[in-house]
Amino acid sequence: MLGLLLRASARDPLVAARLRPAIWMLLLAQLLAGAPRRGGPAPRGRAAASLRLPRRRLPPHSTLAGRRPRG
């Protein structure tokens, strides 16, 4: 898209004047999209539990009686 606008603006100075804001907007959008995200480490607070807790096993429901367990 940007190449098409640049090519069109190179041929005609009046078109170039009209397309200049759009070209700058596209260039700025490309630069912002490629910029690395700013931010530091996560804020200090309560540490997330890395220990996996076992899932609680529920007794089988009466509608599931006789079915093979999944997984």
# chains A, B, ... in the order shown; residues from 1 in each chain; ligands from 1

call {"tool": "residues_around", "arguments": {"residues": "Leu5 of chain A", "least_positions_apart": "4", "cutoff": "12 Å", "atoms": "only C-alpha atoms", "output": "list in words"}}
result
Met1, Ser9, Ala10, Arg11, Asp12, Val15, Ala16, Ala17, Arg18, Leu19, Arg20, Pro21, Ala22, Ile23, Trp24, Met25, Leu26 and Leu27 of chain A

call {"tool": "atom_distance", "arguments": {"atom1": "atom CA of Leu32 of chain A", "atom2": "atom CA of Ala8 of chain A"}}
result
24.2 Å
